[in-house]
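Here is my_file-v1.tsv, consisting of TSV, C-alpha atoms:
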```tsv
chain	number	residue	atom	x	y	z
A	1	MET	CA	-12.71	7.02	-9.05
A	2	ASN	CA	-14.96	9.89	-9.81
A	3	PRO	CA	-18.29	9.19	-8.09
A	4	VAL	CA	-20.21	11.02	-10.82
A	5	VAL	CA	-20.95	8.49	-13.53
A	6	THR	CA	-20.21	10.31	-16.73
A	7	SER	CA	-19.11	8.65	-19.93
A	8	ASP	CA	-16.17	10.12	-21.76
A	9	PRO	CA	-18.18	11.32	-24.78
A	10	GLU	CA	-20.67	13.08	-22.46
A	11	LEU	CA	-17.82	14.62	-20.52
A	12	ALA	CA	-16.20	15.82	-23.73
A	13	ARG	CA	-19.42	17.45	-24.94
A	14	ALA	CA	-20.09	19.07	-21.57
A	15	LEU	CA	-16.59	20.53	-21.54
A	16	LEU	CA	-16.87	21.87	-25.04
A	17	ASN	CA	-20.19	23.50	-24.23
A	18	GLY	CA	-18.77	25.09	-21.11
A	19	GLU	CA	-21.30	23.34	-18.86
A	20	ALA	CA	-21.06	23.99	-15.13
A	21	GLY	CA	-19.10	21.31	-13.30
A	22	ALA	CA	-17.49	19.90	-16.45
A	23	PHE	CA	-14.09	21.39	-15.66
A	24	ASP	CA	-13.96	19.93	-12.15
A	25	ALA	CA	-15.35	16.60	-13.34
A	26	PHE	CA	-12.65	16.34	-15.97
A	27	VAL	CA	-9.84	17.25	-13.58
A	28	SER	CA	-11.01	14.76	-10.99
A	29	ALA	CA	-11.52	11.99	-13.57
A	30	TYR	CA	-8.20	12.45	-15.32
A	31	ARG	CA	-5.58	14.00	-13.04
A	32	GLY	CA	-4.99	10.85	-10.98
A	33	LYS	CA	-4.89	8.60	-14.05
A	34	LEU	CA	-2.47	10.91	-15.79
A	35	PHE	CA	-0.23	11.12	-12.74
A	36	ASN	CA	-0.26	7.35	-12.48
A	37	TYR	CA	0.89	6.98	-16.06
A	38	THR	CA	3.43	9.79	-16.03
A	39	PHE	CA	4.85	8.66	-12.69
A	40	LEU	CA	5.42	5.15	-13.99
A	41	MET	CA	6.87	6.49	-17.23
A	42	CYS	CA	9.08	9.25	-15.77
A	43	GLY	CA	9.98	7.53	-12.53
A	44	GLN	CA	10.11	10.75	-10.55
A	45	ARG	CA	7.31	12.37	-8.64
A	46	GLU	CA	8.31	15.92	-9.46
A	47	ASP	CA	8.60	15.22	-13.20
A	48	ALA	CA	5.37	13.25	-13.14
A	49	GLU	CA	3.41	16.08	-11.54
A	50	GLU	CA	4.86	18.56	-13.99
A	51	VAL	CA	4.02	16.36	-16.97
A	52	ALA	CA	0.50	15.73	-15.68
A	53	GLN	CA	-0.05	19.49	-15.31
A	54	GLU	CA	1.42	20.22	-18.77
A	55	THR	CA	-0.88	17.59	-20.22
A	56	LEU	CA	-4.00	19.02	-18.56
A	57	LEU	CA	-3.02	22.52	-19.67
A	58	LYS	CA	-2.59	21.39	-23.27
A	59	VAL	CA	-5.89	19.51	-23.11
A	60	PHE	CA	-7.81	22.59	-21.95
A	61	GLU	CA	-6.05	24.89	-24.40
A	62	SER	CA	-6.78	22.72	-27.40
A	63	PHE	CA	-9.97	20.97	-26.42
A	64	ASP	CA	-11.79	22.34	-29.45
A	65	GLN	CA	-9.40	20.31	-31.60
A	66	LEU	CA	-10.66	16.99	-30.27
A	67	ARG	CA	-12.37	15.59	-33.37
A	68	GLU	CA	-13.98	12.48	-31.91
A	69	PRO	CA	-15.45	12.74	-28.40
A	70	ASP	CA	-15.43	8.93	-28.23
A	71	ARG	CA	-11.68	9.04	-28.37
A	72	LEU	CA	-11.22	11.44	-25.47
A	73	LYS	CA	-9.10	9.10	-23.40
A	74	SER	CA	-6.67	8.14	-26.15
A	75	TRP	CA	-6.39	11.78	-27.24
A	76	VAL	CA	-5.47	12.82	-23.69
A	77	PHE	CA	-2.98	9.98	-23.25
A	78	ARG	CA	-1.36	10.77	-26.57
A	79	ILE	CA	-0.64	14.27	-25.29
A	80	ALA	CA	0.72	12.81	-22.05
A	81	LYS	CA	2.94	10.41	-23.97
A	82	ASN	CA	4.42	13.30	-25.96
A	83	PHE	CA	5.19	15.33	-22.83
A	84	CYS	CA	6.77	12.25	-21.24
A	85	LEU	CA	9.04	11.87	-24.24
A	86	MET	CA	10.11	15.50	-23.99
A	87	LYS	CA	10.80	15.12	-20.30
A	88	ARG	CA	12.87	12.02	-20.73
A	89	ARG	CA	16.32	12.78	-19.48
A	90	LYS	CA	18.27	10.12	-21.25
A	91	SER	CA	19.48	10.64	-24.78
A	92	VAL	CA	16.93	9.99	-27.48
A	93	PHE	CA	19.68	8.02	-29.16
A	94	ALA	CA	19.96	5.53	-26.32
A	95	PRO	CA	18.99	2.17	-27.76
A	96	GLU	CA	15.81	0.64	-26.41
A	97	VAL	CA	16.29	-2.72	-24.78
A	98	GLU	CA	14.38	-5.47	-26.55
A	99	LEU	CA	12.98	-8.38	-24.62
A	100	SER	CA	13.52	-11.67	-26.40
A	101	LEU	CA	10.99	-14.45	-26.21
A	102	ASP	CA	13.73	-16.99	-25.58
A	103	GLU	CA	14.65	-15.32	-22.34
A	104	LEU	CA	11.03	-15.16	-21.25
A	105	LYS	CA	9.99	-18.71	-21.89
A	106	PRO	CA	10.14	-21.18	-19.02
A	107	ALA	CA	13.27	-23.28	-18.65
A	108	ARG	CA	13.05	-27.05	-18.89
A	109	ALA	CA	13.24	-28.81	-15.56
A	110	ASP	CA	16.58	-30.51	-14.95
A	111	GLY	CA	16.92	-33.88	-16.66
A	112	ASP	CA	13.39	-33.76	-18.01
A	113	ALA	CA	12.48	-33.34	-21.66
A	114	ILE	CA	8.95	-32.17	-20.98
A	115	ALA	CA	8.44	-30.64	-17.53
A	116	ILE	CA	9.14	-26.95	-17.02
A	117	ASP	CA	10.90	-25.28	-14.15
A	118	ILE	CA	8.17	-23.15	-12.58
A	119	ALA	CA	7.29	-21.70	-9.17
A	120	ASP	CA	4.31	-22.92	-7.17
A	121	TRP	CA	1.77	-20.38	-8.37
A	122	SER	CA	-0.91	-21.69	-6.03
A	123	ALA	CA	1.01	-19.74	-3.35
A	124	LEU	CA	-0.05	-16.48	-4.98
A	125	PRO	CA	-3.06	-15.06	-3.11
A	126	GLU	CA	-6.12	-14.33	-5.20
A	127	HIS	CA	-5.90	-10.63	-4.40
A	128	ALA	CA	-2.16	-10.29	-4.73
A	129	ALA	CA	-2.33	-6.53	-5.21
A	130	ALA	CA	-3.83	-6.15	-1.73
A	131	ASN	CA	-0.72	-7.59	-0.06
A	132	ALA	CA	1.85	-4.94	0.93
A	133	GLU	CA	4.93	-7.04	0.25
A	134	LEU	CA	3.60	-8.22	-3.09
A	135	ARG	CA	2.73	-4.67	-4.05
A	136	GLU	CA	6.42	-3.84	-3.71
A	137	VAL	CA	7.31	-6.75	-5.96
A	138	LEU	CA	4.70	-5.75	-8.54
A	139	ALA	CA	5.83	-2.11	-8.48
A	140	ALA	CA	9.49	-3.04	-8.93
A	141	ALA	CA	8.64	-5.38	-11.81
A	142	VAL	CA	6.74	-2.61	-13.62
A	143	ARG	CA	9.59	-0.13	-13.04
A	144	ASP	CA	12.08	-2.62	-14.45
A	145	LEU	CA	10.24	-3.05	-17.73
A	146	PRO	CA	12.01	-1.31	-20.61
A	147	GLU	CA	10.14	1.87	-21.47
A	148	MET	CA	8.52	0.74	-24.72
A	149	TYR	CA	7.02	-2.28	-22.99
A	150	ARG	CA	6.04	-0.39	-19.84
A	151	SER	CA	4.11	2.11	-21.88
A	152	VAL	CA	2.11	-0.58	-23.68
A	153	PHE	CA	1.43	-2.47	-20.44
A	154	LEU	CA	0.17	0.69	-18.70
A	155	LEU	CA	-2.12	1.69	-21.53
A	156	ARG	CA	-3.50	-1.78	-22.28
A	157	ASP	CA	-3.66	-3.56	-18.92
A	158	VAL	CA	-3.90	-0.68	-16.45
A	159	GLU	CA	-5.86	1.92	-18.43
A	160	GLU	CA	-7.70	-0.80	-20.36
A	161	LEU	CA	-7.40	0.98	-23.68
A	162	SER	CA	-7.86	-1.15	-26.81
A	163	THR	CA	-5.05	-2.32	-29.06
A	164	GLU	CA	-6.22	0.23	-31.65
A	165	GLU	CA	-6.27	3.13	-29.20
A	166	THR	CA	-2.85	2.18	-27.83
A	167	ALA	CA	-1.42	1.95	-31.35
A	168	GLN	CA	-2.78	5.43	-32.06
A	169	ILE	CA	-1.28	6.88	-28.89
A	170	LEU	CA	2.15	5.40	-29.47
A	171	ASP	CA	2.27	5.73	-33.26
A	172	VAL	CA	3.05	2.09	-33.96
A	173	SER	CA	1.19	-0.73	-35.70
A	174	LEU	CA	-1.35	-3.07	-34.09
A	175	ASP	CA	1.08	-5.97	-34.41
A	176	VAL	CA	3.77	-4.06	-32.56
A	177	ILE	CA	1.35	-3.36	-29.71
A	178	LYS	CA	0.37	-7.05	-29.52
A	179	THR	CA	3.99	-8.19	-29.52
A	180	ARG	CA	5.03	-5.66	-26.89
A	181	LEU	CA	2.09	-6.40	-24.63
A	182	HIS	CA	2.84	-10.12	-24.73
A	183	ARG	CA	6.51	-9.58	-23.94
A	184	ALA	CA	5.71	-7.12	-21.19
A	185	ARG	CA	3.33	-9.61	-19.57
A	186	LEU	CA	5.87	-12.42	-19.91
A	187	ALA	CA	8.57	-10.30	-18.30
A	188	LEU	CA	6.25	-9.37	-15.42
A	189	ARG	CA	5.27	-13.01	-15.03
A	190	GLN	CA	8.93	-13.99	-14.87
A	191	LYS	CA	9.61	-11.49	-12.07
A	192	LEU	CA	6.67	-12.77	-10.09
A	193	ASP	CA	7.76	-16.37	-10.73
A	194	GLN	CA	11.22	-15.58	-9.35
A	195	HIS	CA	9.68	-13.94	-6.32
A	196	LEU	CA	7.40	-16.89	-5.63
A	197	ARG	CA	10.39	-19.22	-5.59
A	198	THR	CA	12.24	-17.22	-2.96
A	199	SER	CA	9.22	-16.66	-0.73
A	200	LYS	CA	7.86	-20.19	-0.82
A	201	GLY	CA	4.55	-20.51	0.91
A	202	VAL	CA	4.70	-17.17	2.70
A	203	TYR	CA	1.33	-16.09	1.32
A	204	ALA	CA	-0.36	-19.46	1.49
A	205	GLY	CA	-3.08	-20.15	4.03
B	1	MET	CA	3.27	-32.91	-28.29
B	2	SER	CA	6.41	-31.29	-29.61
B	3	PRO	CA	8.49	-28.43	-28.22
B	4	GLU	CA	7.96	-26.55	-31.49
B	5	GLU	CA	4.25	-26.67	-30.94
B	6	CYS	CA	4.66	-25.41	-27.37
B	7	ARG	CA	6.71	-22.57	-28.76
B	8	THR	CA	4.04	-21.59	-31.28
B	9	VAL	CA	1.41	-21.66	-28.54
B	10	PHE	CA	3.69	-19.71	-26.21
B	11	GLU	CA	3.94	-16.87	-28.71
B	12	MET	CA	0.16	-16.45	-28.86
B	13	LEU	CA	-0.75	-16.80	-25.21
B	14	SER	CA	-1.62	-13.16	-24.49
B	15	GLU	CA	-4.08	-13.07	-27.35
B	16	TYR	CA	-5.32	-16.48	-26.26
B	17	ILE	CA	-6.11	-15.46	-22.70
B	18	ASP	CA	-7.62	-12.18	-23.91
B	19	GLY	CA	-9.92	-14.12	-26.26
B	20	ASP	CA	-8.60	-12.17	-29.24
B	21	LEU	CA	-7.73	-15.12	-31.49
B	22	PRO	CA	-9.86	-16.40	-34.37
B	23	ALA	CA	-11.96	-19.40	-33.32
B	24	ASP	CA	-9.95	-21.96	-35.30
B	25	VAL	CA	-6.61	-20.82	-33.85
B	26	CYS	CA	-8.09	-20.82	-30.38
B	27	GLU	CA	-9.41	-24.34	-30.89
B	28	HIS	CA	-6.00	-25.48	-32.07
B	29	ILE	CA	-4.41	-24.11	-28.90
B	30	ASN	CA	-7.11	-25.70	-26.73
B	31	GLN	CA	-6.34	-29.04	-28.31
B	32	HIS	CA	-2.63	-28.68	-27.79
B	33	ILE	CA	-3.00	-27.56	-24.19
B	34	ALA	CA	-5.38	-30.41	-23.38
B	35	GLY	CA	-2.51	-32.83	-23.88
B	36	CYS	CA	0.36	-30.74	-22.57
B	37	ALA	CA	0.81	-30.41	-18.80
B	38	PRO	CA	3.67	-27.87	-18.94
B	39	CYS	CA	1.59	-25.58	-21.17
B	40	VAL	CA	-1.34	-25.84	-18.75
B	41	GLN	CA	0.95	-24.82	-15.90
B	42	PHE	CA	2.39	-21.95	-17.87
B	43	VAL	CA	-0.95	-20.59	-19.08
B	44	GLU	CA	-2.29	-20.68	-15.52
B	45	SER	CA	0.74	-18.78	-14.22
B	46	LEU	CA	0.37	-16.18	-16.96
B	47	ARG	CA	-3.34	-15.73	-16.25
B	48	LYS	CA	-2.66	-15.24	-12.55
B	49	SER	CA	0.16	-12.85	-13.24
B	50	VAL	CA	-1.85	-10.75	-15.70
B	51	SER	CA	-4.71	-10.46	-13.26
B	52	ALA	CA	-2.40	-9.56	-10.33
B	53	PHE	CA	-0.73	-6.80	-12.36
B	54	ARG	CA	-4.09	-5.57	-13.66
B	55	ASP	CA	-5.42	-5.20	-10.15
B	56	PHE	CA	-2.31	-3.41	-9.12
B	57	ARG	CA	-2.44	0.37	-9.00
B	58	PRO	CA	0.39	2.36	-7.54
B	59	GLN	CA	-0.69	3.73	-4.18
B	60	GLU	CA	0.99	7.01	-4.83
B	61	ASN	CA	-1.36	9.79	-5.68
B	62	PRO	CA	-0.45	13.22	-6.95
B	63	ALA	CA	-0.14	16.01	-4.43
B	64	PRO	CA	-3.38	17.99	-4.18
B	65	LEU	CA	-3.84	20.43	-7.04
B	66	THR	CA	-2.63	23.83	-5.89
B	67	ASP	CA	-4.86	26.88	-6.33
B	68	GLU	CA	-2.25	28.31	-8.64
B	69	ALA	CA	-2.15	25.24	-10.88
B	70	LYS	CA	-5.92	25.03	-10.91
B	71	ALA	CA	-6.20	28.71	-11.89
B	72	GLU	CA	-3.73	28.12	-14.73
B	73	LEU	CA	-5.94	25.31	-16.06
B	74	ALA	CA	-9.12	27.36	-15.63
B	75	ARG	CA	-7.61	30.25	-17.59
B	76	ALA	CA	-6.61	27.93	-20.46
B	77	TYR	CA	-10.10	26.47	-20.46
B	78	ALA	CA	-11.79	29.88	-20.47
B	79	ALA	CA	-9.55	31.06	-23.33
B	80	MET	CA	-10.44	27.97	-25.37
B	81	LEU	CA	-14.17	28.52	-24.78
B	82	ALA	CA	-13.90	32.20	-25.69
B	83	ARG	CA	-12.04	31.41	-28.90
B	84	ARG	CA	-14.63	28.80	-29.79
B	85	GLN	CA	-17.53	31.21	-29.20
B	86	SER	CA	-16.01	33.96	-31.28
B	87	ALA	CA	-15.39	31.44	-34.08
B	88	THR	CA	-19.03	30.36	-34.11
B	89	PRO	CA	-21.19	32.90	-35.93
B	90	ALA	CA	-23.99	34.23	-33.73
B	91	ARG	CA	-27.45	33.26	-34.82
```
Since I need it in another form, could you write the structure as structure tokens?
Amino acid sequence: MNPVVTSDPELARALLNGEAGAFDAFVSAYRGKLFNYTFLMCGQREDAEEVAQETLLKVFESFDQLREPDRLKSWVFRIAKNFCLMKRRKSVFAPEVELSLDELKPARADGDAIAIDIADWSALPEHAAANAELREVLAAAVRDLPEMYRSVFLLRDVEELSTEETAQILDVSLDVIKTRLHRARLALRQKLDQHLRTSKGVYAG
Amino acid sequence: MSPEECRTVFEMLSEYIDGDLPADVCEHINQHIAGCAPCVQFVESLRKSVSAFRDFRPQENPAPLTDEAKAELARAYAAMLARRQSATPAR
């Protein structure tokens, strides 16, 4: 995190006015975030660094076209999303995998009409993301999400953008964002559930 | 409690845990969950999962910005500022 507390609208105005330090502040506030997103969207470090640089370049070139300083972050991520799409190596005609709710809902426990088959989630440590082995599991689960769900998850839950901002970045409706976020979270939950079954109690106590 | 009702609740759980549902819908879900142990278990697992993935940030950081790449950005920035100044009539 950038130690200098600057809100996005202030940062946007400072940049536009050519204020000293604004350039460095912007690069340090956004380069890591952008790399994070592009790395998880492109999957390859080299591509991700290239896309992050292309995004920053485009941002600086066209900064005077940012209409609403309050929307700096979604404007920047929209540019990043477009460069990611251009970088994508697979055919644009490749069908996107859809996650179905039926596959994501919990199974019924054997011979029981009510109980569900579920891992012991009390085994998950409170700060799961601090555990090295769990980090691997979390990372793999995010990588395995189909692209259209991964993108929504990264923007909503990691970058904490609103449903509206995410819809604007990805050019889809609010309902599509809500549906995709829910399915993404369910798919991630399912991966973690599977992991907790195989590693029973390893993290407990 | 009916499986159909669990299914309806299941479809709205992300909005439920985010507090994005209208009060009456939220209340309806609360009432259902109060009498449905499997739904309680599931909601708890989803909450824990969402918070674990939210906390998670990939440890990989970009390589340090090279002088060359930084200069490229600075040039683009300077060109944008110059264009903007020439477009604004001097007072």
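Restricting the calculation to all atoms listed in the file, the smallest distance between chain B and any of A:Val27, A:Glu164, A:His182, A:Thr55 is found for A:His182.
What separates CA of Asp171 in chain A from CA of Arg54 in chain B is a distance of 23.5 Å.
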(request) Provide the CA of Leu174 in chain A to CA of Leu104 in chain A distance in Å, to one decimal place. (result) 21.5 Å
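Near chain B, counting all atoms listed in the file at 7 Å, the chain A residues are Gly18, Gly32, Phe35, Glu49, Leu57, Phe60, Glu61, Ser62, Ala115, Ile116, Trp121, His127, Ala128, Ala129, Leu138, Asp157, Val158, His182, Arg185 and Arg189 of chain A.
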(message) Using only C-alpha atoms for the distances, tell me which of A:Glu160, A:Glu165, A:Glu96, A:Glu10 is nearest to Arg78 in chain A.
(response) A:Glu165
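In this structure, CA of Thr179 in chain A sits 19.8 Å away from CA of Ser74 in chain A.
With all atoms listed in the file as the atoms that count, the residue of A:Gln53, A:Gln44, A:Ser173, A:Gln194 with the shortest distance to Thr66 in chain B is A:Gln53.
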(request) Identify the residues within 9 Å of coordinate (16.2, -2.2, -24.1) (same frame as the file), considering all atoms listed in the file, and give the answer as JSON, numbers by chain. (result) {"A": [94, 95, 96, 97, 98, 99, 145, 146, 147, 148]}
(request) Check the smallest atom-to-atom distance from each of B:Cys26, B:Ala71, B:Ala87, B:Cys6 to Pro106 in chain A using only C-alpha atoms, then report the winner. (result) B:Cys6
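Counting only C-alpha atoms, the residue from A:Ser7, A:Glu159, A:Leu181, A:Leu134 that sits nearest to Ala22 in chain A is A:Ser7.
Using all atoms listed in the file, the nearest neighbour of Ala123 in chain A within the list A:Gln65, A:Thr6, A:Thr198, A:Ser162 is A:Thr198.
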(request) Find the residues around Val9 in chain B up to 9 Å (all atoms listed in the file counted), leave out those fewer than 4 positions away in its own chain, and share them as number ranges by chain. (result) B: 4-5, 13, 16, 29, 32-33, 39
